[in-house]
Amino acid sequence: MNIKKLIFLIVFLSVANTYAQDTTYVNKVAEQVSPLVTLRDEMYSSPALRPFYRNYNYALLAANLEKLDKDLYLKQEGSGYNSFRINSESFIKNITGISLWGKAYYNNEKIRQVNFNETLDYHYVYPYVMADTIGGDLNTETYYFGGGLSKKIGGLRYAFQGSFKGIQSFRNRDPRPKNISSDVNLSLSVAKELSKNKALSFDLNLQKYNQDNGLTFVRELGFPLVYHDAGLGVYNEILAGTRLQAYYKGSRLGAQLNFTPTNLNGFSAQLGYHQFQLSKELSSIIDNISEVNEDNIHLALAYHVQSQKQSFIVRLKGAFVKRDGIEATFANIGSTSLYKVAEETRYINEKINVQLNAIYGNTTNKLNWFVGLDGTFANYNENYILPDRFIDYQSLNLGAFISALRPIGKSILNLEFKANYLQILNSDYSWDNVKTNSGIYTMLSDNYEYLSSGTFIISAAARADLPMTSKINLFLKAKATQGTYSSRGNISELAFTVGCNF
Amino acid sequence: MKNVKILMSTLLAFTILFNACKKTESARSNLNATIVVPTSLAGFALKSGTLTLKEVNSGRTSTSSAINNGALTVSLPAGSYNIVFEGEIESTTGEKVVSKVRAVKDNVIVNGVEEVNTELTLFLFKTQEGFVIKEVFFTGTVTPQGKTYNGDKYFIIYNNTDKVLYADSLMIAESEFLTTTKRAYTPDVMSTDFTSKSIVMIPGTGKTYPVQPGASITVANNAINHLVFNDLSVDLRNSNFELTLLSSINVDNPQVPDLDNISGYMTMHNRGFKSYVIAKMKGTKDEFLSKQVYNFDYVNSAGKITTTTAYKIPNSWVLDAVNLSVEKEFNWIVTSPVLDMGWTYCGKVDSDATRYGKSVIRKVAKTEANGRIVLQDTNNSTDDFTPEAKPSLFK
């Protein structure tokens with residue numbers, strides 16, 4: 001990945017959109033920062049329907065600094081991060097011609113206290129990470145390019161969308177992971193505009209994922225046990241020791257059916273299914289040591305209205321994700337590779353989420369304001385079979401926010417306040433077959449404490465947009481989040497963004 | 001509202017469906033182990049015993065003592081099993097004689113689908129009285145500056161009898177094979193011989209070096225005061241013998257007699273991947289080097305055949321053996337289980353930084369009335385040795 005390519009894309013996307021400055025920048029900014037639009041955008045994620053998702057074209061270039069600290073966290077994901085990001089986005093709407101959109105970003109991140117995980121992209125590869133008990137802060141760099149286009153040909157609207165994300169991570173002290181992942185996504189989409197401002201689309205989504213995961217040590221005196229986690233701290237003893245090179249190969253195939261209004265007013269629906277498969281290989285072993293099969297079904301229903309004065313959206317979204325982990329067992333029969341004896345499903349992770357969002361907005365010449373409520377019920381179940389271990393919990397998350405946008409002279413000020421309360425309704429665990437003085441026991445206990453802790457989090461954000469020229473406005477944004485866990489500890493986040501809209 | 005009901009019903013149905021079928025059982029199949037009494041034990045019948053099965057992927061252990069017509073049947077999840085049988089046989093005629101027996105079989109594959117039949121042939125478990133390996137300090141030390149320090153390793157050999165024994169012609173041999181790398185060596189002589197390229201021998205004419213009952217002899221790498229060079233090492237000037245190492249690392253103490261290098265140099269694997277035996281040489285060094293040559297081959301990691309040469313020490317010459325390994329790298333023992341059916345360790349992983357300055361020391365079985373200490377020798381190093389012990393010669 002080359003930083004020059006990123007800069008070129010940013011410039012290209014920015015320049016390409018300069019003709020869009022005939023609209024008032026107040027309306028453009030209002031659309032950019034509207035929480036209602038952000039929620040509604042999800043219903044227009046289909047590439048073929050993308051031309052309808054906003055009223056205004058935009059292009060932005062922004063730099064962002066962020067710091068997140070958590071006292072409770074998943075050990076494999078770390079306790080927080082410091083990040084620096086350069087981000088560029090663009091959207092050019094042309095209902096009768098070609099609509100274009102693109103996004104590119106570079107993210108430099110230092111993730112703190114990553115333990116029991118020396119592998120990238122935990123959300124993709126879990127539970128099959130390479131692990132040790134040492135870990136530490138991890139440096140990552142992410143490069144992302146994405147974009148798409150949509151055009152109506154005859155009675156149908158066709159769209160193509162693609163993206164590439166490359167990540168590398170490393171640590172400059174033992175243990176020294178050197179990981180590189182690539183994530184390529186392609187979507188093909190076709191839409192049919194129905195009568196009365198309605199459209200129906202069908203998306204075909206493809207993903208190809210690869211990761212080279214290597215670990216080295218330079219300490220003269222030796223190094224700790226390196227193992228390959230199979231879920232909830234279980235690992236294969238034959239594979240533990242010094243197998244320090246792993247390869248992950250994944251692919252996703254999915255489809256989504258979308259129904260949305262083309263004028264942003266009315267009923268929307270999405271129904272999607274994705275299947276993700278991932279295999280893990282170790283150097284010197286011919287067979288895969290583990291595989292993941294994940295099914296994801298999601299359904300979203302929304303009703304949204306936007307008028308000159310008032311707007312609202314109500315959305316109900318449900319998702320079910322089931323991840324099966326298939327693990328091979330081996331025999332050492334003295335040949336060059338281990339002999340695969342059998343394989344079976346040992347790890348099962350199920351997640352159900354049902355979320356209800358409602359946002360109301362009021363617009364006047366002097367003030368735009370929004371209030372919103374949301375509630376999420378989540379059911380989480382993680383199981384390992386033989387030895388039997390599990391974590392279960394059910395949670396209810398309630399949130400509320402208020403935001404206001406006010407033009408002050410030629411500038412625009414936007415303020416937002418949020419509060420979220422997460423209540424754990426029920427939780428349980430079992431890993432009584434783990435030695436209580438072991439690092440794995442501590443890891444499981446700490447992870448469970450994090451997963452089964454309620455939270456109360458408040459956040460405040462302020463954004464100021466300042467017109468620099470007739471075509472460019474500068475914006476500054478600051479966001480602070482503070483929260484407490486019900487069991488112990490705090491969570492805090494600070495973010496500063498500076499950018500410009502074209 | 002109707003849509004909301006449909007959504008909730010759908011999610012509820014999914015929840016019930018997947019919760020109902022989420023818990024699955026691991027596939028199992030039967031393993032039938034037939035205990036075979038060999039012709040060498042004719043006149044004896046199996047009396048009792050316990051079968052222990054360790055699945056090597058998970059480390060899970062199961063046992064069974066339900067012997068039925070000389071066989072045991074166990075239902076097991078799929079895996080690769082190392083099986084040990086320990087029991088007793090009883091004479092079928094004349095005066096009742098009961099003897100302890102063992103049987104060992106590694107890598108019995110159970111695939112969770114088909115029934116598996118295997119045979120375990122018994123061997124007599126009878127400890128020999130004589131010299132035993134009391135201690136092996138193979139890890140070396142670390143300097144206060146955090147650098148590794150070699151040359152202060154040693155062996156201690158102990159007279160575990162109530163008689164004077166002579167150390168003359170006593171060989172110490174390090175295994176050619178690693179306990180961490182299992183290979184199919186052809187021809188396979190492990191049941192009859194110990195394979196080595198690093199063999200040293202205590203000189204003497206037969207009665208030059210007497211060892212009193214309960215006394216021991218120390219064989220040092222370099223029999224010097226290592227404390228001069230490393231505060232965290234040991235003074236080995238009082239060793240009985242010293243090795244002749246590679247010239248680049250050898251320091252000779254003329255006050256301490258050297259061992260004869262029969263083959264190679266005894267450098268001692270400092271990660272503990274090799275095994276050691278003590279054996280009495282039969283015949284001369286030249287006869288050994290000409291008659292005990294062992295040419296063998298194996299498939300290397302590149303998939304090619306490697307042919308190499310070592311020496312084979314007959315198991316009948318071996319007085320004692322100790323297998324060394326580390327838990328996370330252990331593949332197999334490199335002696336016949338008749339000599340040693342277990343292994344001991346310093347460090348639990350390859351290159352374990354905590355292993356330095358640690359030793360394996362044989363446990364004490366009992367102390368006789370005259371004060372003579374009898375060391376434990378059940379031909380199972382897992383039971384007989386204290387792993388990761390403080391070296392006995394360290395202050």
# chains A, B, ... in the order shown; residues from 1 in each chain; ligands from 1

call {"tool": "closest_atom_pairs", "arguments": {"of": "region 96-183 of chain A", "to": "region 249-266 of chain A", "cutoff": "10 Å", "atoms": "only C-alpha atoms", "output": "CSV"}}
result
residue,atom,partner,partner_atom,distance
A:Tyr124,CA,A:Gly250,CA,8.6
A:Val125,CA,A:Gly250,CA,8.8
A:Ser181,CA,A:Lys249,CA,9.8
A:Ser182,CA,A:Lys249,CA,9.9
A:Asp183,CA,A:Gly250,CA,9.1

call {"tool": "write_last_selection", "arguments": {"atoms": "C-alpha atoms", "output": "CSV table (one decimal), in the first residue's frame"}}
result
chain,number,residue,atom,x,y,z
A,124,TYR,CA,-12.9,-12.0,11.9
A,125,VAL,CA,-10.7,-14.8,13.1
A,181,SER,CA,-4.2,-8.7,6.5
A,182,SER,CA,-6.1,-7.8,3.3
A,183,ASP,CA,-9.8,-7.5,3.1

call {"tool": "closest_atom_pairs", "arguments": {"of": "region 199-265 of chain A", "to": "region 130-134 of chain A", "cutoff": "6 Å", "atoms": "only C-alpha atoms", "output": "Markdown table"}}
result
| residue | atom | partner | partner_atom | distance |
| --- | --- | --- | --- | --- |
| A:Val226 | CA | A:Asp132 | CA | 4.9 |
| A:Tyr227 | CA | A:Ala131 | CA | 5.3 |
| A:His228 | CA | A:Met130 | CA | 4.5 |

call {"tool": "select_by_dssp", "arguments": {"residues": "region 318-420 of chain A", "states": "strand (DSSP E)", "output": "MDAnalysis selection string"}}
result
chainID A and resid 318:331 339:363 368:384 389:408 411:420

call {"tool": "residues_around", "arguments": {"residues": "Leu178 (chain B)", "least_positions_apart": "5", "cutoff": "10 Å", "atoms": "only C-alpha atoms", "output": "MDAnalysis selection string"}}
result
chainID B and resid 183 269 272:275 323:325 330:334

call {"tool": "write_last_selection", "arguments": {"atoms": "all heavy atoms", "output": "CSV table (one decimal), in the first residue's frame"}}
result
chain,number,residue,atom,x,y,z
B,183,ARG,N,10.2,-39.3,14.7
B,183,ARG,CA,10.4,-39.7,13.3
B,183,ARG,C,10.3,-41.2,13.2
B,183,ARG,O,10.6,-41.9,14.2
B,183,ARG,CB,11.7,-39.2,12.8
B,183,ARG,CG,11.8,-37.7,12.5
B,183,ARG,CD,13.1,-37.4,11.8
B,183,ARG,NE,13.2,-36.0,11.4
B,183,ARG,CZ,14.1,-35.2,11.8
B,183,ARG,NH1,15.1,-35.5,12.6
B,183,ARG,NH2,14.1,-33.9,11.3
B,269,HIS,N,22.3,-31.1,25.8
B,269,HIS,CA,21.3,-30.2,25.2
B,269,HIS,C,20.7,-29.3,26.3
B,269,HIS,O,20.0,-29.8,27.2
B,269,HIS,CB,20.2,-31.1,24.6
B,269,HIS,CG,19.3,-30.4,23.6
B,269,HIS,ND1,18.3,-29.6,24.0
B,269,HIS,CD2,19.3,-30.4,22.3
B,269,HIS,CE1,17.7,-29.1,23.0
B,269,HIS,NE2,18.3,-29.6,21.9
B,272,GLY,N,16.9,-29.4,27.0
B,272,GLY,CA,16.4,-30.6,27.6
B,272,GLY,C,15.5,-31.4,26.6
B,272,GLY,O,14.5,-31.9,27.0
B,273,PHE,N,16.0,-31.6,25.4
B,273,PHE,CA,15.3,-32.3,24.4
B,273,PHE,C,15.8,-33.7,24.2
B,273,PHE,O,15.3,-34.5,23.4
B,273,PHE,CB,15.3,-31.6,23.0
B,273,PHE,CG,14.5,-30.3,22.9
B,273,PHE,CD1,13.8,-29.9,24.0
B,273,PHE,CD2,14.5,-29.6,21.7
B,273,PHE,CE1,13.1,-28.7,24.0
B,273,PHE,CE2,13.8,-28.5,21.7
B,273,PHE,CZ,13.1,-28.0,22.8
B,274,LYS,N,16.9,-34.1,24.9
B,274,LYS,CA,17.5,-35.4,24.7
B,274,LYS,C,17.5,-36.2,26.0
B,274,LYS,O,17.1,-35.7,27.1
B,274,LYS,CB,19.0,-35.2,24.3
B,274,LYS,CG,19.1,-34.5,22.9
B,274,LYS,CD,20.5,-34.7,22.3
B,274,LYS,CE,20.4,-34.3,20.8
B,274,LYS,NZ,21.7,-34.5,20.1
B,275,SER,N,17.8,-37.5,25.9
B,275,SER,CA,17.7,-38.4,27.0
B,275,SER,C,19.1,-39.0,27.3
B,275,SER,O,20.0,-38.9,26.4
B,275,SER,CB,16.7,-39.5,26.7
B,275,SER,OG,15.5,-38.9,26.4
B,323,ASN,N,14.7,-39.9,30.5
B,323,ASN,CA,14.2,-39.1,29.3
B,323,ASN,C,13.9,-37.7,29.7
B,323,ASN,O,13.3,-37.4,30.8
B,323,ASN,CB,12.9,-39.7,28.7
B,323,ASN,CG,13.2,-40.9,27.9
B,323,ASN,OD1,13.7,-40.8,26.8
B,323,ASN,ND2,12.9,-42.1,28.4
B,324,LEU,N,14.4,-36.7,28.9
B,324,LEU,CA,14.1,-35.3,29.2
B,324,LEU,C,13.3,-34.7,28.1
B,324,LEU,O,13.5,-35.1,26.9
B,324,LEU,CB,15.4,-34.5,29.3
B,324,LEU,CG,16.4,-35.0,30.4
B,324,LEU,CD1,17.7,-34.2,30.3
B,324,LEU,CD2,15.8,-34.7,31.8
B,325,SER,N,12.4,-33.8,28.4
B,325,SER,CA,11.7,-33.1,27.4
B,325,SER,C,11.1,-31.8,28.0
B,325,SER,O,11.4,-31.5,29.1
B,325,SER,CB,10.6,-34.0,26.8
B,325,SER,OG,10.1,-33.5,25.6
B,330,PHE,N,6.9,-32.0,23.8
B,330,PHE,CA,7.2,-33.5,23.9
B,330,PHE,C,6.4,-34.3,22.8
B,330,PHE,O,5.2,-34.0,22.6
B,330,PHE,CB,6.7,-34.0,25.3
B,330,PHE,CG,6.7,-35.5,25.4
B,330,PHE,CD1,8.0,-36.1,25.5
B,330,PHE,CD2,5.6,-36.2,25.4
B,330,PHE,CE1,8.0,-37.5,25.6
B,330,PHE,CE2,5.6,-37.6,25.5
B,330,PHE,CZ,6.8,-38.2,25.6
B,331,ASN,N,7.1,-35.2,22.2
B,331,ASN,CA,6.5,-36.0,21.2
B,331,ASN,C,6.6,-37.5,21.6
B,331,ASN,O,5.6,-38.2,21.4
B,331,ASN,CB,7.2,-35.9,19.8
B,331,ASN,CG,6.7,-34.7,19.0
B,331,ASN,OD1,7.3,-34.4,18.0
B,331,ASN,ND2,5.8,-34.0,19.6
B,332,TRP,N,7.7,-37.9,22.1
B,332,TRP,CA,7.8,-39.3,22.4
B,332,TRP,C,9.1,-39.5,23.3
B,332,TRP,O,9.9,-38.7,23.4
B,332,TRP,CB,8.0,-40.2,21.1
B,332,TRP,CG,9.2,-39.9,20.3
B,332,TRP,CD1,9.9,-38.7,20.2
B,332,TRP,CD2,9.8,-40.8,19.4
B,332,TRP,NE1,10.9,-38.9,19.3
B,332,TRP,CE2,10.9,-40.1,18.8
B,332,TRP,CE3,9.6,-42.1,19.0
B,332,TRP,CZ2,11.7,-40.7,17.8
B,332,TRP,CZ3,10.4,-42.7,18.1
B,332,TRP,CH2,11.5,-42.0,17.5
B,333,ILE,N,9.1,-40.7,24.0
B,333,ILE,CA,10.3,-41.0,24.7
B,333,ILE,C,11.2,-41.8,23.7
B,333,ILE,O,10.8,-42.5,22.8
B,333,ILE,CB,10.0,-41.9,26.0
B,333,ILE,CG1,9.3,-43.1,25.6
B,333,ILE,CG2,9.3,-41.1,27.0
B,333,ILE,CD1,9.2,-44.1,26.8
B,334,VAL,N,12.6,-41.6,23.9
B,334,VAL,CA,13.5,-42.1,22.9
B,334,VAL,C,14.3,-43.3,23.5
B,334,VAL,O,15.4,-43.6,23.1
B,334,VAL,CB,14.4,-41.0,22.4
B,334,VAL,CG1,13.6,-40.1,21.5
B,334,VAL,CG2,15.2,-40.3,23.5

call {"tool": "interface_residues", "arguments": {"of": "chain A", "to": "chain B", "cutoff": "6 Å", "atoms": "only C-alpha atoms", "output": "list in words"}}
result
Leu221, Gly222, Phe223, Leu225, Asn236, Glu237, Ile238, Ala240, Gly241, Thr329, Ala331, Gly334, Thr336, Val341 and Ala342 of chain A

call {"tool": "residues_around", "arguments": {"residues": "Tyr44 (chain A)", "least_positions_apart": "5", "cutoff": "6 Å", "atoms": "only C-alpha atoms", "output": "list in words"}}
result
Leu49, Arg50 and Tyr53 of chain A

call {"tool": "atom_distance", "arguments": {"atom1": "CA of Ala321 (chain B)", "atom2": "CA of Ile133 (chain B)"}}
result
7.2 Å

call {"tool": "residues_around", "arguments": {"residues": "Asp465 (chain A)", "least_positions_apart": "5", "cutoff": "10 Å", "atoms": "only C-alpha atoms", "output": "PDB file with N, CA, C and O atoms, in the first residue's frame"}}
result
ATOM      1  N   TYR A  25     -24.590  25.933   2.237  1.00  0.00           N
ATOM      2  CA  TYR A  25     -23.772  25.021   3.021  1.00  0.00           C
ATOM      3  C   TYR A  25     -24.423  24.686   4.362  1.00  0.00           C
ATOM      4  O   TYR A  25     -24.135  23.683   4.980  1.00  0.00           O
ATOM      5  N   VAL A  26     -25.384  25.516   4.796  1.00  0.00           N
ATOM      6  CA  VAL A  26     -26.092  25.199   6.051  1.00  0.00           C
ATOM      7  C   VAL A  26     -26.861  23.891   5.893  1.00  0.00           C
ATOM      8  O   VAL A  26     -26.804  23.004   6.742  1.00  0.00           O
ATOM      9  N   VAL A  29     -24.379  20.988   5.726  1.00  0.00           N
ATOM     10  CA  VAL A  29     -23.835  20.639   7.040  1.00  0.00           C
ATOM     11  C   VAL A  29     -24.906  19.973   7.899  1.00  0.00           C
ATOM     12  O   VAL A  29     -24.645  18.989   8.592  1.00  0.00           O
ATOM     13  N   PRO A 407     -27.210  28.113  13.308  1.00  0.00           N
ATOM     14  CA  PRO A 407     -26.327  29.031  12.582  1.00  0.00           C
ATOM     15  C   PRO A 407     -26.044  30.261  13.449  1.00  0.00           C
ATOM     16  O   PRO A 407     -26.967  30.814  14.072  1.00  0.00           O
ATOM     17  N   ILE A 408     -24.800  30.615  13.544  1.00  0.00           N
ATOM     18  CA  ILE A 408     -24.403  31.822  14.274  1.00  0.00           C
ATOM     19  C   ILE A 408     -23.577  32.663  13.317  1.00  0.00           C
ATOM     20  O   ILE A 408     -22.406  32.341  13.054  1.00  0.00           O
ATOM     21  N   LYS A 410     -22.084  33.510  10.070  1.00  0.00           N
ATOM     22  CA  LYS A 410     -21.796  32.628   8.936  1.00  0.00           C
ATOM     23  C   LYS A 410     -21.369  31.236   9.399  1.00  0.00           C
ATOM     24  O   LYS A 410     -21.132  30.348   8.590  1.00  0.00           O
ATOM     25  N   SER A 411     -21.261  31.071  10.685  1.00  0.00           N
ATOM     26  CA  SER A 411     -20.815  29.790  11.219  1.00  0.00           C
ATOM     27  C   SER A 411     -22.014  28.952  11.667  1.00  0.00           C
ATOM     28  O   SER A 411     -23.128  29.452  11.791  1.00  0.00           O
ATOM     29  N   ILE A 412     -21.722  27.700  11.891  1.00  0.00           N
ATOM     30  CA  ILE A 412     -22.767  26.777  12.367  1.00  0.00           C
ATOM     31  C   ILE A 412     -22.218  26.038  13.571  1.00  0.00           C
ATOM     32  O   ILE A 412     -21.091  25.511  13.545  1.00  0.00           O
ATOM     33  N   LEU A 413     -23.022  25.993  14.610  1.00  0.00           N
ATOM     34  CA  LEU A 413     -22.608  25.284  15.825  1.00  0.00           C
ATOM     35  C   LEU A 413     -23.552  24.113  16.043  1.00  0.00           C
ATOM     36  O   LEU A 413     -24.779  24.265  15.979  1.00  0.00           O
ATOM     37  N   ASN A 414     -22.977  22.957  16.294  1.00  0.00           N
ATOM     38  CA  ASN A 414     -23.786  21.760  16.546  1.00  0.00           C
ATOM     39  C   ASN A 414     -23.361  21.154  17.876  1.00  0.00           C
ATOM     40  O   ASN A 414     -22.166  20.926  18.121  1.00  0.00           O
ATOM     41  N   ASN A 473     -15.735  24.876   3.485  1.00  0.00           N
ATOM     42  CA  ASN A 473     -15.918  25.236   4.889  1.00  0.00           C
ATOM     43  C   ASN A 473     -15.097  24.324   5.774  1.00  0.00           C
ATOM     44  O   ASN A 473     -14.956  23.123   5.514  1.00  0.00           O
ATOM     45  N   LEU A 474     -14.550  24.940   6.783  1.00  0.00           N
ATOM     46  CA  LEU A 474     -13.723  24.211   7.743  1.00  0.00           C
ATOM     47  C   LEU A 474     -14.608  23.757   8.887  1.00  0.00           C
ATOM     48  O   LEU A 474     -15.534  24.468   9.281  1.00  0.00           O
ATOM     49  N   PHE A 475     -14.366  22.585   9.403  1.00  0.00           N
ATOM     50  CA  PHE A 475     -15.100  22.204  10.621  1.00  0.00           C
ATOM     51  C   PHE A 475     -14.141  21.659  11.668  1.00  0.00           C
ATOM     52  O   PHE A 475     -13.108  21.049  11.368  1.00  0.00           O
ATOM     53  N   LEU A 476     -14.518  21.898  12.904  1.00  0.00           N
ATOM     54  CA  LEU A 476     -13.769  21.411  14.071  1.00  0.00           C
ATOM     55  C   LEU A 476     -14.764  20.672  14.948  1.00  0.00           C
ATOM     56  O   LEU A 476     -15.882  21.146  15.168  1.00  0.00           O
ATOM     57  N   LYS A 477     -14.341  19.542  15.444  1.00  0.00           N
ATOM     58  CA  LYS A 477     -15.265  18.771  16.289  1.00  0.00           C
ATOM     59  C   LYS A 477     -14.512  18.211  17.479  1.00  0.00           C
ATOM     60  O   LYS A 477     -13.373  17.732  17.338  1.00  0.00           O
ATOM     61  N   VAL A 498     -10.566  17.693  12.791  1.00  0.00           N
ATOM     62  CA  VAL A 498     -10.530  18.922  12.009  1.00  0.00           C
ATOM     63  C   VAL A 498     -10.634  18.510  10.549  1.00  0.00           C
ATOM     64  O   VAL A 498     -10.016  17.524  10.122  1.00  0.00           O
ATOM     65  N   GLY A 499     -11.454  19.227   9.825  1.00  0.00           N
ATOM     66  CA  GLY A 499     -11.638  18.831   8.438  1.00  0.00           C
ATOM     67  C   GLY A 499     -12.263  19.937   7.634  1.00  0.00           C
ATOM     68  O   GLY A 499     -12.533  21.040   8.127  1.00  0.00           O
ATOM     69  N   CYS A 500     -12.478  19.622   6.391  1.00  0.00           N
ATOM     70  CA  CYS A 500     -13.154  20.604   5.544  1.00  0.00           C
ATOM     71  C   CYS A 500     -14.106  19.892   4.607  1.00  0.00           C
ATOM     72  O   CYS A 500     -13.878  18.754   4.189  1.00  0.00           O
ATOM     73  N   ASN A 501     -15.194  20.561   4.326  1.00  0.00           N
ATOM     74  CA  ASN A 501     -16.165  20.092   3.350  1.00  0.00           C
ATOM     75  C   ASN A 501     -15.989  20.879   2.075  1.00  0.00           C
ATOM     76  O   ASN A 501     -15.784  22.098   2.110  1.00  0.00           O
TER      77      ASN A 501
END

call {"tool": "residues_around", "arguments": {"residues": "Ser395 (chain A)", "least_positions_apart": "3", "cutoff": "10 Å", "atoms": "only C-alpha atoms", "output": "list of chain:residue names"}}
result
A:Asn353, A:Thr376, A:Phe377, A:Ala378, A:Asn379, A:Tyr380, A:Leu398, A:Leu422, A:Gln423, A:Ile424, A:Leu425, A:Asn426, A:Ser427, A:Leu451, A:Ser452, A:Ser453, A:Gly454

call {"tool": "closest_residue", "arguments": {"among": "A:Leu61, A:Ile352, A:Ile111, A:Leu206", "to": "Phe502 (chain A)", "atoms": "only C-alpha atoms"}}
result
A:Leu61

call {"tool": "residues_around", "arguments": {"residues": "region 156-167 of chain B", "least_positions_apart": "3", "cutoff": "7 Å", "atoms": "only C-alpha atoms", "output": "number ranges by chain"}}
result
B: 129-136, 170, 202, 206-207, 209-219, 374-375

call {"tool": "closest_residue", "arguments": {"among": "B:Lys358, B:Lys280, B:Lys105, B:His226", "to": "Tyr149 (chain B)", "atoms": "only C-alpha atoms"}}
result
B:His226

call {"tool": "select_by_dssp", "arguments": {"residues": "region 11-91 of chain A", "states": "helix (DSSP H, G or I)", "output": "ChimeraX atom specification"}}
result
/A:11-16,18-20,25-33,35-44,47-52

call {"tool": "atom_distance", "arguments": {"atom1": "CA of Asn205 (chain A)", "atom2": "CA of Asn296 (chain A)"}}
result
12.8 Å

call {"tool": "atom_distance", "arguments": {"atom1": "CA of Glu368 (chain B)", "atom2": "CA of Ile278 (chain B)"}}
result
24.7 Å

call {"tool": "closest_residue", "arguments": {"among": "A:Gly399, A:Gly325, A:Gly97, A:Gly439", "to": "Ile359 (chain A)", "atoms": "only C-alpha atoms"}}
result
A:Gly399

call {"tool": "closest_residue", "arguments": {"among": "B:Val318, B:Leu246, B:Val256, B:Val74", "to": "Asp340 (chain B)", "atoms": "only C-alpha atoms"}}
result
B:Val318
